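S.K.: Provided herewith: structure01.cif, mmCIF, N, CA and C atoms.
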data_upload
#
loop_
_atom_site.label_atom_id
_atom_site.label_comp_id
_atom_site.auth_asym_id
_atom_site.auth_seq_id
_atom_site.Cartn_x
_atom_site.Cartn_y
_atom_site.Cartn_z
N MET A 1 32.90 -8.97 -22.74
CA MET A 1 31.57 -8.63 -22.24
C MET A 1 30.55 -8.98 -23.33
N ASN A 2 29.53 -9.74 -22.96
CA ASN A 2 28.53 -10.09 -23.96
C ASN A 2 27.52 -8.95 -24.12
N LYS A 3 26.65 -9.08 -25.09
CA LYS A 3 25.70 -8.03 -25.43
C LYS A 3 24.79 -7.67 -24.25
N MET A 4 24.33 -8.66 -23.52
CA MET A 4 23.44 -8.41 -22.38
C MET A 4 24.16 -7.65 -21.27
N GLU A 5 25.39 -8.05 -20.98
CA GLU A 5 26.17 -7.35 -19.95
C GLU A 5 26.45 -5.91 -20.38
N GLU A 6 26.71 -5.72 -21.66
CA GLU A 6 26.98 -4.38 -22.18
C GLU A 6 25.76 -3.48 -22.02
N ILE A 7 24.59 -3.99 -22.36
CA ILE A 7 23.35 -3.21 -22.24
C ILE A 7 23.10 -2.88 -20.77
N SER A 8 23.26 -3.85 -19.88
CA SER A 8 23.06 -3.62 -18.45
C SER A 8 24.03 -2.56 -17.93
N SER A 9 25.27 -2.62 -18.34
CA SER A 9 26.27 -1.63 -17.91
C SER A 9 25.91 -0.23 -18.40
N ILE A 10 25.45 -0.13 -19.62
CA ILE A 10 25.03 1.17 -20.17
C ILE A 10 23.86 1.72 -19.37
N LEU A 11 22.90 0.86 -19.05
CA LEU A 11 21.74 1.29 -18.27
C LEU A 11 22.18 1.81 -16.90
N ILE A 12 23.05 1.09 -16.22
CA ILE A 12 23.53 1.51 -14.90
C ILE A 12 24.23 2.86 -15.00
N GLU A 13 25.08 3.00 -15.99
CA GLU A 13 25.83 4.25 -16.15
C GLU A 13 24.90 5.43 -16.45
N LYS A 14 23.97 5.24 -17.36
CA LYS A 14 23.09 6.35 -17.80
C LYS A 14 22.07 6.75 -16.74
N THR A 15 21.69 5.83 -15.86
CA THR A 15 20.63 6.12 -14.88
C THR A 15 21.18 6.51 -13.51
N ASP A 16 22.49 6.58 -13.39
CA ASP A 16 23.09 6.90 -12.09
C ASP A 16 22.67 8.28 -11.58
N PHE A 17 22.19 9.16 -12.45
CA PHE A 17 21.72 10.48 -12.04
C PHE A 17 20.61 10.38 -10.99
N LEU A 18 19.90 9.26 -10.95
CA LEU A 18 18.82 9.10 -9.98
C LEU A 18 19.34 9.10 -8.54
N ARG A 19 20.59 8.70 -8.36
CA ARG A 19 21.17 8.71 -7.02
C ARG A 19 21.22 10.14 -6.46
N GLN A 20 21.57 11.12 -7.31
CA GLN A 20 21.61 12.51 -6.86
C GLN A 20 20.21 13.07 -6.59
N MET A 21 19.20 12.39 -7.07
CA MET A 21 17.82 12.83 -6.87
C MET A 21 17.15 12.12 -5.70
N GLY A 22 17.96 11.43 -4.90
CA GLY A 22 17.43 10.81 -3.70
C GLY A 22 17.12 9.33 -3.81
N TYR A 23 17.30 8.76 -4.98
CA TYR A 23 17.07 7.32 -5.19
C TYR A 23 18.40 6.61 -5.02
N ASN A 24 18.89 6.59 -3.77
CA ASN A 24 20.26 6.17 -3.54
C ASN A 24 20.46 4.70 -3.19
N ASN A 25 19.40 3.93 -3.10
CA ASN A 25 19.54 2.49 -2.87
C ASN A 25 19.26 1.79 -4.19
N ARG A 26 20.27 1.16 -4.74
CA ARG A 26 20.12 0.51 -6.04
C ARG A 26 20.09 -1.01 -5.86
N VAL A 27 19.11 -1.64 -6.52
CA VAL A 27 18.95 -3.09 -6.46
C VAL A 27 18.99 -3.62 -7.89
N GLU A 28 19.80 -4.65 -8.11
CA GLU A 28 19.89 -5.28 -9.42
C GLU A 28 19.41 -6.72 -9.31
N LYS A 29 18.59 -7.14 -10.28
CA LYS A 29 18.16 -8.54 -10.38
C LYS A 29 18.38 -8.98 -11.81
N SER A 30 18.92 -10.15 -11.96
CA SER A 30 19.22 -10.62 -13.31
C SER A 30 18.92 -12.11 -13.42
N ASP A 31 18.38 -12.48 -14.56
CA ASP A 31 18.26 -13.89 -14.88
C ASP A 31 18.56 -14.04 -16.38
N VAL A 32 18.28 -15.18 -16.92
CA VAL A 32 18.63 -15.45 -18.32
C VAL A 32 17.95 -14.47 -19.28
N TRP A 33 16.70 -14.09 -19.01
CA TRP A 33 15.93 -13.31 -19.97
C TRP A 33 15.66 -11.87 -19.57
N ASN A 34 15.94 -11.50 -18.31
CA ASN A 34 15.62 -10.16 -17.84
C ASN A 34 16.72 -9.58 -16.97
N PHE A 35 16.77 -8.27 -16.98
CA PHE A 35 17.61 -7.54 -16.04
C PHE A 35 16.75 -6.41 -15.50
N THR A 36 16.67 -6.32 -14.17
CA THR A 36 15.89 -5.25 -13.55
C THR A 36 16.82 -4.43 -12.67
N LEU A 37 16.77 -3.13 -12.88
CA LEU A 37 17.55 -2.17 -12.11
C LEU A 37 16.56 -1.26 -11.40
N SER A 38 16.59 -1.29 -10.08
CA SER A 38 15.65 -0.52 -9.27
C SER A 38 16.40 0.51 -8.44
N TYR A 39 15.92 1.73 -8.50
CA TYR A 39 16.44 2.81 -7.66
C TYR A 39 15.38 3.13 -6.63
N LEU A 40 15.71 2.93 -5.35
CA LEU A 40 14.75 3.13 -4.27
C LEU A 40 15.04 4.42 -3.51
N ALA A 41 13.98 5.14 -3.20
CA ALA A 41 14.06 6.32 -2.34
C ALA A 41 13.14 6.03 -1.16
N SER A 42 13.69 5.45 -0.11
CA SER A 42 12.88 5.04 1.03
C SER A 42 12.14 6.21 1.66
N ASP A 43 12.77 7.39 1.70
CA ASP A 43 12.10 8.54 2.30
C ASP A 43 10.89 9.00 1.48
N LYS A 44 10.89 8.71 0.19
CA LYS A 44 9.76 9.06 -0.67
C LYS A 44 8.79 7.87 -0.84
N GLU A 45 9.24 6.70 -0.36
CA GLU A 45 8.49 5.45 -0.51
C GLU A 45 8.20 5.12 -1.97
N LEU A 46 9.15 5.47 -2.84
CA LEU A 46 9.01 5.21 -4.27
C LEU A 46 10.28 4.59 -4.81
N ALA A 47 10.12 3.90 -5.93
CA ALA A 47 11.26 3.39 -6.69
C ALA A 47 11.01 3.66 -8.16
N ILE A 48 12.09 3.85 -8.89
CA ILE A 48 12.05 3.91 -10.35
C ILE A 48 12.75 2.63 -10.79
N GLU A 49 12.02 1.82 -11.59
CA GLU A 49 12.58 0.53 -12.00
C GLU A 49 12.69 0.44 -13.52
N PHE A 50 13.81 -0.08 -13.95
CA PHE A 50 14.08 -0.30 -15.36
C PHE A 50 14.14 -1.80 -15.58
N GLU A 51 13.36 -2.28 -16.52
CA GLU A 51 13.35 -3.71 -16.80
C GLU A 51 13.71 -3.93 -18.27
N ILE A 52 14.81 -4.65 -18.47
CA ILE A 52 15.23 -5.01 -19.82
C ILE A 52 14.78 -6.43 -20.10
N ASP A 53 14.07 -6.60 -21.17
CA ASP A 53 13.65 -7.92 -21.64
C ASP A 53 14.62 -8.31 -22.75
N TYR A 54 15.50 -9.27 -22.47
CA TYR A 54 16.51 -9.66 -23.44
C TYR A 54 15.93 -10.44 -24.62
N ARG A 55 14.82 -11.13 -24.42
CA ARG A 55 14.22 -11.88 -25.53
C ARG A 55 13.73 -10.94 -26.62
N ASP A 56 12.98 -9.90 -26.20
CA ASP A 56 12.41 -8.96 -27.17
C ASP A 56 13.29 -7.73 -27.37
N LEU A 57 14.41 -7.68 -26.66
CA LEU A 57 15.28 -6.51 -26.66
C LEU A 57 14.44 -5.24 -26.52
N ASP A 58 13.81 -5.14 -25.36
CA ASP A 58 12.95 -3.99 -25.07
C ASP A 58 13.22 -3.52 -23.65
N LEU A 59 12.79 -2.31 -23.36
CA LEU A 59 13.01 -1.70 -22.07
C LEU A 59 11.70 -1.11 -21.57
N PHE A 60 11.43 -1.31 -20.29
CA PHE A 60 10.24 -0.76 -19.65
C PHE A 60 10.68 -0.02 -18.40
N VAL A 61 9.98 1.07 -18.09
CA VAL A 61 10.26 1.83 -16.88
C VAL A 61 8.98 1.87 -16.06
N LEU A 62 9.13 1.52 -14.78
CA LEU A 62 7.98 1.49 -13.88
C LEU A 62 8.23 2.36 -12.66
N VAL A 63 7.15 2.93 -12.15
CA VAL A 63 7.19 3.65 -10.89
C VAL A 63 6.54 2.72 -9.88
N THR A 64 7.24 2.49 -8.77
CA THR A 64 6.83 1.49 -7.79
C THR A 64 6.68 2.11 -6.41
N ILE A 65 5.60 1.74 -5.74
CA ILE A 65 5.39 2.16 -4.36
C ILE A 65 6.04 1.12 -3.47
N LEU A 66 6.94 1.58 -2.61
CA LEU A 66 7.66 0.68 -1.72
C LEU A 66 6.79 0.28 -0.53
N GLU A 67 7.13 -0.86 0.03
CA GLU A 67 6.47 -1.32 1.25
C GLU A 67 7.52 -1.36 2.35
N ASN A 68 7.38 -0.48 3.31
CA ASN A 68 8.35 -0.36 4.41
C ASN A 68 9.78 -0.19 3.89
N GLY A 69 9.92 0.63 2.84
CA GLY A 69 11.23 0.92 2.28
C GLY A 69 11.80 -0.14 1.37
N GLU A 70 11.03 -1.20 1.12
CA GLU A 70 11.51 -2.32 0.29
C GLU A 70 10.63 -2.48 -0.94
N LEU A 71 11.17 -3.13 -1.96
CA LEU A 71 10.37 -3.44 -3.14
C LEU A 71 9.26 -4.42 -2.75
N PRO A 72 8.05 -4.23 -3.27
CA PRO A 72 6.97 -5.16 -2.95
C PRO A 72 7.20 -6.51 -3.60
N SER A 73 6.63 -7.56 -3.01
CA SER A 73 6.83 -8.90 -3.56
C SER A 73 5.98 -9.16 -4.80
N GLY A 74 4.84 -8.53 -4.91
CA GLY A 74 4.01 -8.70 -6.11
C GLY A 74 4.58 -7.90 -7.26
N TYR A 75 4.12 -8.22 -8.47
CA TYR A 75 4.63 -7.45 -9.60
C TYR A 75 3.80 -6.18 -9.77
N TYR A 76 2.61 -6.29 -10.32
CA TYR A 76 1.75 -5.11 -10.46
C TYR A 76 0.93 -4.88 -9.19
N MET A 77 0.52 -5.95 -8.54
CA MET A 77 -0.35 -5.86 -7.37
C MET A 77 0.36 -6.48 -6.15
N HIS A 78 0.05 -5.91 -4.97
CA HIS A 78 0.58 -6.45 -3.72
C HIS A 78 -0.45 -6.14 -2.64
N LYS A 79 -0.91 -7.17 -1.98
CA LYS A 79 -1.91 -7.03 -0.91
C LYS A 79 -3.13 -6.22 -1.39
N GLY A 80 -3.55 -6.53 -2.61
CA GLY A 80 -4.76 -5.91 -3.15
C GLY A 80 -4.58 -4.48 -3.65
N LYS A 81 -3.36 -3.97 -3.65
CA LYS A 81 -3.11 -2.60 -4.12
C LYS A 81 -2.19 -2.62 -5.33
N LYS A 82 -2.42 -1.71 -6.25
CA LYS A 82 -1.54 -1.56 -7.39
C LYS A 82 -0.25 -0.91 -6.90
N VAL A 83 0.88 -1.56 -7.14
CA VAL A 83 2.15 -1.07 -6.63
C VAL A 83 3.16 -0.69 -7.72
N ARG A 84 2.93 -1.16 -8.94
CA ARG A 84 3.82 -0.81 -10.04
C ARG A 84 2.98 -0.33 -11.22
N VAL A 85 3.46 0.78 -11.81
CA VAL A 85 2.77 1.34 -12.97
C VAL A 85 3.83 1.70 -14.00
N HIS A 86 3.57 1.34 -15.25
CA HIS A 86 4.46 1.75 -16.33
C HIS A 86 4.44 3.26 -16.45
N LEU A 87 5.59 3.85 -16.65
CA LEU A 87 5.71 5.30 -16.72
C LEU A 87 4.76 5.89 -17.75
N GLU A 88 4.64 5.27 -18.91
CA GLU A 88 3.76 5.78 -19.96
C GLU A 88 2.30 5.86 -19.49
N LYS A 89 1.87 4.90 -18.68
CA LYS A 89 0.49 4.90 -18.18
C LYS A 89 0.22 6.13 -17.31
N LEU A 90 1.22 6.56 -16.57
CA LEU A 90 1.06 7.76 -15.74
C LEU A 90 0.87 9.00 -16.59
N PHE A 91 1.52 9.04 -17.74
CA PHE A 91 1.34 10.15 -18.67
C PHE A 91 -0.03 10.05 -19.35
N GLU A 92 -0.36 8.84 -19.82
CA GLU A 92 -1.64 8.64 -20.50
C GLU A 92 -2.83 9.01 -19.62
N SER A 93 -2.72 8.74 -18.32
CA SER A 93 -3.81 9.02 -17.40
C SER A 93 -3.83 10.48 -16.94
N GLY A 94 -2.80 11.24 -17.32
CA GLY A 94 -2.75 12.64 -16.94
C GLY A 94 -2.16 12.91 -15.57
N LYS A 95 -1.66 11.88 -14.89
CA LYS A 95 -1.08 12.07 -13.55
C LYS A 95 0.27 12.77 -13.62
N ILE A 96 0.95 12.64 -14.77
CA ILE A 96 2.21 13.34 -15.02
C ILE A 96 2.05 14.08 -16.33
N LYS A 97 2.48 15.33 -16.33
CA LYS A 97 2.34 16.14 -17.54
C LYS A 97 3.67 16.65 -18.09
N ALA A 98 4.69 16.73 -17.26
CA ALA A 98 5.99 17.28 -17.68
C ALA A 98 6.73 16.28 -18.56
N GLY A 99 7.33 16.79 -19.63
CA GLY A 99 8.16 15.94 -20.47
C GLY A 99 7.44 15.45 -21.72
N ASP A 100 8.25 15.09 -22.71
CA ASP A 100 7.73 14.61 -24.00
C ASP A 100 7.68 13.09 -24.01
N TRP A 101 6.69 12.53 -23.33
CA TRP A 101 6.57 11.07 -23.25
C TRP A 101 6.20 10.45 -24.59
N LYS A 102 5.62 11.22 -25.48
CA LYS A 102 5.26 10.66 -26.79
C LYS A 102 6.49 10.33 -27.62
N GLY A 103 7.62 10.88 -27.23
CA GLY A 103 8.88 10.53 -27.89
C GLY A 103 9.20 9.05 -27.73
N ILE A 104 8.83 8.48 -26.60
CA ILE A 104 9.03 7.05 -26.37
C ILE A 104 8.19 6.26 -27.36
N ARG A 105 6.95 6.68 -27.54
CA ARG A 105 6.07 6.00 -28.51
C ARG A 105 6.65 6.07 -29.92
N ARG A 106 7.19 7.25 -30.29
CA ARG A 106 7.78 7.41 -31.63
C ARG A 106 8.95 6.45 -31.81
N ILE A 107 9.79 6.36 -30.79
CA ILE A 107 10.95 5.46 -30.88
C ILE A 107 10.46 4.02 -31.07
N ARG A 108 9.48 3.61 -30.30
CA ARG A 108 8.95 2.23 -30.43
C ARG A 108 8.36 1.99 -31.82
N ARG A 109 7.70 3.00 -32.36
CA ARG A 109 7.08 2.86 -33.68
C ARG A 109 8.15 2.82 -34.79
N GLU A 110 9.16 3.69 -34.65
CA GLU A 110 10.18 3.78 -35.69
C GLU A 110 11.21 2.65 -35.63
N LEU A 111 11.52 2.19 -34.41
CA LEU A 111 12.52 1.14 -34.25
C LEU A 111 11.83 -0.15 -33.80
N LYS A 112 11.10 -0.74 -34.70
CA LYS A 112 10.33 -1.94 -34.38
C LYS A 112 11.20 -3.17 -34.21
N GLU A 113 12.27 -3.24 -34.96
CA GLU A 113 13.13 -4.41 -34.90
C GLU A 113 13.89 -4.46 -33.58
N PRO A 114 13.85 -5.61 -32.91
CA PRO A 114 14.61 -5.72 -31.65
C PRO A 114 16.11 -5.73 -31.93
N ASN A 115 16.80 -4.73 -31.39
CA ASN A 115 18.25 -4.69 -31.53
C ASN A 115 18.84 -3.79 -30.44
N VAL A 116 20.15 -3.82 -30.32
CA VAL A 116 20.84 -3.07 -29.28
C VAL A 116 20.61 -1.56 -29.46
N HIS A 117 20.61 -1.09 -30.69
CA HIS A 117 20.39 0.33 -30.95
C HIS A 117 19.04 0.80 -30.39
N LYS A 118 18.01 -0.01 -30.55
CA LYS A 118 16.69 0.34 -30.02
C LYS A 118 16.74 0.50 -28.50
N ILE A 119 17.36 -0.45 -27.81
CA ILE A 119 17.43 -0.40 -26.34
C ILE A 119 18.21 0.83 -25.89
N ILE A 120 19.33 1.11 -26.50
CA ILE A 120 20.14 2.26 -26.09
C ILE A 120 19.40 3.56 -26.37
N THR A 121 18.70 3.63 -27.49
CA THR A 121 17.89 4.81 -27.81
C THR A 121 16.79 5.00 -26.77
N LEU A 122 16.15 3.90 -26.36
CA LEU A 122 15.12 3.98 -25.32
C LEU A 122 15.71 4.39 -23.97
N ILE A 123 16.87 3.85 -23.62
CA ILE A 123 17.52 4.23 -22.36
C ILE A 123 17.74 5.74 -22.34
N ASN A 124 18.31 6.28 -23.41
CA ASN A 124 18.57 7.72 -23.47
C ASN A 124 17.28 8.53 -23.38
N ALA A 125 16.25 8.11 -24.10
CA ALA A 125 14.98 8.84 -24.09
C ALA A 125 14.31 8.79 -22.72
N TYR A 126 14.32 7.63 -22.08
CA TYR A 126 13.73 7.52 -20.74
C TYR A 126 14.50 8.38 -19.73
N CYS A 127 15.81 8.44 -19.84
CA CYS A 127 16.59 9.26 -18.91
C CYS A 127 16.21 10.73 -19.05
N ILE A 128 16.07 11.21 -20.26
CA ILE A 128 15.65 12.60 -20.49
C ILE A 128 14.26 12.81 -19.91
N LEU A 129 13.35 11.90 -20.20
CA LEU A 129 11.98 12.02 -19.72
C LEU A 129 11.93 12.01 -18.18
N LEU A 130 12.68 11.14 -17.55
CA LEU A 130 12.69 11.09 -16.08
C LEU A 130 13.23 12.38 -15.48
N LYS A 131 14.26 12.94 -16.08
CA LYS A 131 14.79 14.21 -15.57
C LYS A 131 13.74 15.31 -15.67
N GLU A 132 12.96 15.30 -16.74
CA GLU A 132 11.91 16.32 -16.92
C GLU A 132 10.73 16.12 -15.98
N ALA A 133 10.43 14.88 -15.64
CA ALA A 133 9.20 14.56 -14.91
C ALA A 133 9.42 14.15 -13.45
N ILE A 134 10.65 14.12 -12.98
CA ILE A 134 10.93 13.55 -11.65
C ILE A 134 10.16 14.27 -10.54
N ASN A 135 10.01 15.57 -10.63
CA ASN A 135 9.29 16.28 -9.56
C ASN A 135 7.84 15.82 -9.48
N GLU A 136 7.20 15.63 -10.62
CA GLU A 136 5.82 15.16 -10.63
C GLU A 136 5.73 13.70 -10.17
N ILE A 137 6.68 12.90 -10.56
CA ILE A 137 6.70 11.49 -10.14
C ILE A 137 6.74 11.40 -8.62
N GLN A 138 7.56 12.25 -8.01
CA GLN A 138 7.74 12.20 -6.56
C GLN A 138 6.50 12.65 -5.80
N GLN A 139 5.54 13.25 -6.49
CA GLN A 139 4.29 13.65 -5.86
C GLN A 139 3.21 12.57 -5.94
N LEU A 140 3.53 11.45 -6.56
CA LEU A 140 2.52 10.42 -6.86
C LEU A 140 2.19 9.47 -5.71
N LYS A 141 2.97 9.42 -4.69
CA LYS A 141 2.79 8.41 -3.65
C LYS A 141 1.34 8.23 -3.28
N GLY A 142 0.91 7.00 -3.39
CA GLY A 142 -0.45 6.65 -2.99
C GLY A 142 -1.51 6.92 -4.04
N GLU A 143 -1.12 7.39 -5.21
CA GLU A 143 -2.13 7.68 -6.24
C GLU A 143 -2.49 6.43 -7.03
#
Could you write out this file's structure as structure tokens?
M.R.:
Amino acid sequence: MNKMEEISSILIEKTDFLRQMGYNNRVEKSDVWNFTLSYLASDKELAIEFEIDYRDLDLFVLVTILENGELPSGYYMHKGKKVRVHLEKLFESGKIKAGDWKGIRRIRRELKEPNVHKIITLINAYCILLKEAINEIQQLKGE
């Protein structure tokens, strides 16, 4: 198993808790430079998406508004509406208050060098943060 496959497998394993929280449709997309893991909750019309950038060895988490139970075709915008927002932006704007989101910033500041340890540390931190904030995230539809 190469490094990219190993990171993707760790992400899938660590984030599987989202299935018990109603995000039971999982979609994986992979190419040479990125891996995206999306957990969809059609009844909530939301998805939690994890995007690994293999070039920079970084991880991003986005909250996505679904369109008819499916991922929207646009990235940030779709049909003139914002459909994806980075999790940190939701905290910065005050839309989500639960959880220590500043821990993610500390990790990024302390682990500047792109490496596997940084990605795994971010995966663990995001999982903790999502567990703390999931109830507030699920109230965001349409915001």
S.K.: Using DSSP on the backbone coordinates, identify all residues within chain A classified as helix (DSSP H, G or I); present the result as a ChimeraX atom specification.
M.R.: /A:3-15,17-20,87-92,102-110,116-137
S.K.: Check what the PyMOL selection byres (((chain A and resi 84 and name CA) around 12) and name CA) selects in the file above and give those residues as a PyMOL selection string.
M.R.: chain A and resi 38+46-50+60-67+71-78+81-83+85-90+140-143
S.K.: Write the residues of the preceding selection, restricted to N, CA and C atoms, as a short mmCIF file (atom, residue, chain, number, x, y, z; two decimals), keeping the file's coordinate frame.
M.R.:
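File written: part24.cif
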data_model
loop_
_atom_site.label_atom_id
_atom_site.label_comp_id
_atom_site.auth_asym_id
_atom_site.auth_seq_id
_atom_site.Cartn_x
_atom_site.Cartn_y
_atom_site.Cartn_z
N SER A 38 16.59 -1.29 -10.08
CA SER A 38 15.65 -0.52 -9.27
C SER A 38 16.40 0.51 -8.44
N LEU A 46 9.15 5.47 -2.84
CA LEU A 46 9.01 5.21 -4.27
C LEU A 46 10.28 4.59 -4.81
N ALA A 47 10.12 3.90 -5.93
CA ALA A 47 11.26 3.39 -6.69
C ALA A 47 11.01 3.66 -8.16
N ILE A 48 12.09 3.85 -8.89
CA ILE A 48 12.05 3.91 -10.35
C ILE A 48 12.75 2.63 -10.79
N GLU A 49 12.02 1.82 -11.59
CA GLU A 49 12.58 0.53 -12.00
C GLU A 49 12.69 0.44 -13.52
N PHE A 50 13.81 -0.08 -13.95
CA PHE A 50 14.08 -0.30 -15.36
C PHE A 50 14.14 -1.80 -15.58
N PHE A 60 11.43 -1.31 -20.29
CA PHE A 60 10.24 -0.76 -19.65
C PHE A 60 10.68 -0.02 -18.40
N VAL A 61 9.98 1.07 -18.09
CA VAL A 61 10.26 1.83 -16.88
C VAL A 61 8.98 1.87 -16.06
N LEU A 62 9.13 1.52 -14.78
CA LEU A 62 7.98 1.49 -13.88
C LEU A 62 8.23 2.36 -12.66
N VAL A 63 7.15 2.93 -12.15
CA VAL A 63 7.19 3.65 -10.89
C VAL A 63 6.54 2.72 -9.88
N THR A 64 7.24 2.49 -8.77
CA THR A 64 6.83 1.49 -7.79
C THR A 64 6.68 2.11 -6.41
N ILE A 65 5.60 1.74 -5.74
CA ILE A 65 5.39 2.16 -4.36
C ILE A 65 6.04 1.12 -3.47
N LEU A 66 6.94 1.58 -2.61
CA LEU A 66 7.66 0.68 -1.72
C LEU A 66 6.79 0.28 -0.53
N GLU A 67 7.13 -0.86 0.03
CA GLU A 67 6.47 -1.32 1.25
C GLU A 67 7.52 -1.36 2.35
N LEU A 71 11.17 -3.13 -1.96
CA LEU A 71 10.37 -3.44 -3.14
C LEU A 71 9.26 -4.42 -2.75
N PRO A 72 8.05 -4.23 -3.27
CA PRO A 72 6.97 -5.16 -2.95
C PRO A 72 7.20 -6.51 -3.60
N SER A 73 6.63 -7.56 -3.01
CA SER A 73 6.83 -8.90 -3.56
C SER A 73 5.98 -9.16 -4.80
N GLY A 74 4.84 -8.53 -4.91
CA GLY A 74 4.01 -8.70 -6.11
C GLY A 74 4.58 -7.90 -7.26
N TYR A 75 4.12 -8.22 -8.47
CA TYR A 75 4.63 -7.45 -9.60
C TYR A 75 3.80 -6.18 -9.77
N TYR A 76 2.61 -6.29 -10.32
CA TYR A 76 1.75 -5.11 -10.46
C TYR A 76 0.93 -4.88 -9.19
N MET A 77 0.52 -5.95 -8.54
CA MET A 77 -0.35 -5.86 -7.37
C MET A 77 0.36 -6.48 -6.15
N HIS A 78 0.05 -5.91 -4.97
CA HIS A 78 0.58 -6.45 -3.72
C HIS A 78 -0.45 -6.14 -2.64
N LYS A 81 -3.36 -3.97 -3.65
CA LYS A 81 -3.11 -2.60 -4.12
C LYS A 81 -2.19 -2.62 -5.33
N LYS A 82 -2.42 -1.71 -6.25
CA LYS A 82 -1.54 -1.56 -7.39
C LYS A 82 -0.25 -0.91 -6.90
N VAL A 83 0.88 -1.56 -7.14
CA VAL A 83 2.15 -1.07 -6.63
C VAL A 83 3.16 -0.69 -7.72
N VAL A 85 3.46 0.78 -11.81
CA VAL A 85 2.77 1.34 -12.97
C VAL A 85 3.83 1.70 -14.00
N HIS A 86 3.57 1.34 -15.25
CA HIS A 86 4.46 1.75 -16.33
C HIS A 86 4.44 3.26 -16.45
N LEU A 87 5.59 3.85 -16.65
CA LEU A 87 5.71 5.30 -16.72
C LEU A 87 4.76 5.89 -17.75
N GLU A 88 4.64 5.27 -18.91
CA GLU A 88 3.76 5.78 -19.96
C GLU A 88 2.30 5.86 -19.49
N LYS A 89 1.87 4.90 -18.68
CA LYS A 89 0.49 4.90 -18.18
C LYS A 89 0.22 6.13 -17.31
N LEU A 90 1.22 6.56 -16.57
CA LEU A 90 1.06 7.76 -15.74
C LEU A 90 0.87 9.00 -16.59
N LEU A 140 3.53 11.45 -6.56
CA LEU A 140 2.52 10.42 -6.86
C LEU A 140 2.19 9.47 -5.71
N LYS A 141 2.97 9.42 -4.69
CA LYS A 141 2.79 8.41 -3.65
C LYS A 141 1.34 8.23 -3.28
N GLY A 142 0.91 7.00 -3.39
CA GLY A 142 -0.45 6.65 -2.99
C GLY A 142 -1.51 6.92 -4.04
N GLU A 143 -1.12 7.39 -5.21
CA GLU A 143 -2.13 7.68 -6.24
C GLU A 143 -2.49 6.43 -7.03
#
S.K.: Which one of A:Ile7, A:Leu18, A:Val116, A:Leu59 sits closest to Ala41 of chain A if you count only C-alpha atoms?
M.R.: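 Closest residue, counting only C-alpha atoms: A:Leu18.
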S.K.: Compile the contact shell of Gln138 of chain A as a PDB file with N, CA and C atoms, in the frame of the given file: residues with an atom at most 9 Å away, counting only C-alpha atoms, same-chain residues fewer than 4 positions apart removed.
M.R.:
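So selection_13.pdb came out as:
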ATOM      1  N   LYS A  44      10.890   8.710   0.190  1.00  0.00           N
ATOM      2  CA  LYS A  44       9.760   9.060  -0.670  1.00  0.00           C
ATOM      3  C   LYS A  44       8.790   7.870  -0.840  1.00  0.00           C
ATOM      4  N   LEU A  46       9.150   5.470  -2.840  1.00  0.00           N
ATOM      5  CA  LEU A  46       9.010   5.210  -4.270  1.00  0.00           C
ATOM      6  C   LEU A  46      10.280   4.590  -4.810  1.00  0.00           C
ATOM      7  N   ALA A 133      10.430  14.880 -15.640  1.00  0.00           N
ATOM      8  CA  ALA A 133       9.200  14.560 -14.910  1.00  0.00           C
ATOM      9  C   ALA A 133       9.420  14.150 -13.450  1.00  0.00           C
ATOM     10  N   ILE A 134      10.650  14.120 -12.980  1.00  0.00           N
ATOM     11  CA  ILE A 134      10.930  13.550 -11.650  1.00  0.00           C
ATOM     12  C   ILE A 134      10.160  14.270 -10.540  1.00  0.00           C
TER      13      ILE A 134
END
S.K.: Given the choices A:Ile52, A:Leu129, A:Ile123, A:Leu11, which gets closest to Trp33 of chain A if the distance is worked out from only N, CA and C atoms?
M.R.: A:Ile52
S.K.: Given only C-alpha atoms as the basis, pick out the residue of A:Arg19, A:His117, A:Lys29, A:Lys97 nearest to Ile137 of chain A.
M.R.: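 When distances to Ile137 of chain A are compared using only C-alpha atoms, the smallest one comes from A:Lys97.
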S.K.: Set the distance at 8 Å and use only N, CA and C atoms: which residues neighbour Ile10 of chain A once local chain neighbours fewer than 5 positions away are removed? I'd like the list as a compact mmCIF listing (two decimals) with N, CA and C atoms, in the frame of the given file.
M.R.:
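Below is the file result09.txt, written as the result:
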# COMPACT_ATOMS: atom_id res chain seq x y z
N MET A 4 24.33 -8.66 -23.52
CA MET A 4 23.44 -8.41 -22.38
C MET A 4 24.16 -7.65 -21.27
N GLU A 5 25.39 -8.05 -20.98
CA GLU A 5 26.17 -7.35 -19.95
C GLU A 5 26.45 -5.91 -20.38
N THR A 15 21.69 5.83 -15.86
CA THR A 15 20.63 6.12 -14.88
C THR A 15 21.18 6.51 -13.51
N ASP A 16 22.49 6.58 -13.39
CA ASP A 16 23.09 6.90 -12.09
C ASP A 16 22.67 8.28 -11.58
N ILE A 120 19.33 1.11 -26.50
CA ILE A 120 20.14 2.26 -26.09
C ILE A 120 19.40 3.56 -26.37
N ILE A 123 16.87 3.85 -23.62
CA ILE A 123 17.52 4.23 -22.36
C ILE A 123 17.74 5.74 -22.34
S.K.: Could you please determine the separation between atom CA of Asn24 of chain A and atom C of Leu40 of chain A in Å, to one decimal place?
M.R.: 5.5 Å
S.K.: Pick the closest to Arg26 of chain A from A:Asp58, A:Asp53, A:Asp43, A:Glu70: which is it, counting only C-alpha atoms?
M.R.: A:Glu70
S.K.: How big is the axis-aligned box around the listed atoms of segment 42-52 of chain A once 4 Å is added on each side, and where is its centre? Give both in Å to one decimal, as lines of an AutoDock Vina configuration file.
M.R.:
center_x = 11.7
center_y = 1.3
center_z = -8.9
size_x = 15.0
size_y = 23.5
size_z = 30.4
S.K.: Provide the atom N of Leu130 of chain A to atom CA of Ala98 of chain A distance in Å, to one decimal place.
M.R.: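 Pair atom N of Leu130 of chain A / atom CA of Ala98 of chain A returns 9.1 Å.
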S.K.: With distances taken over all atoms listed in the file, which residue among A:Glu13, A:Val27, A:Asp56, A:Trp101 lies nearest Tyr39 of chain A?
M.R.: A:Val27
S.K.: Please measure the separation of atom N of Gly99 of chain A and atom C of Lys131 of chain A, giving the value in Å to one decimal.
M.R.: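 These two atoms are separated by 7.7 Å.
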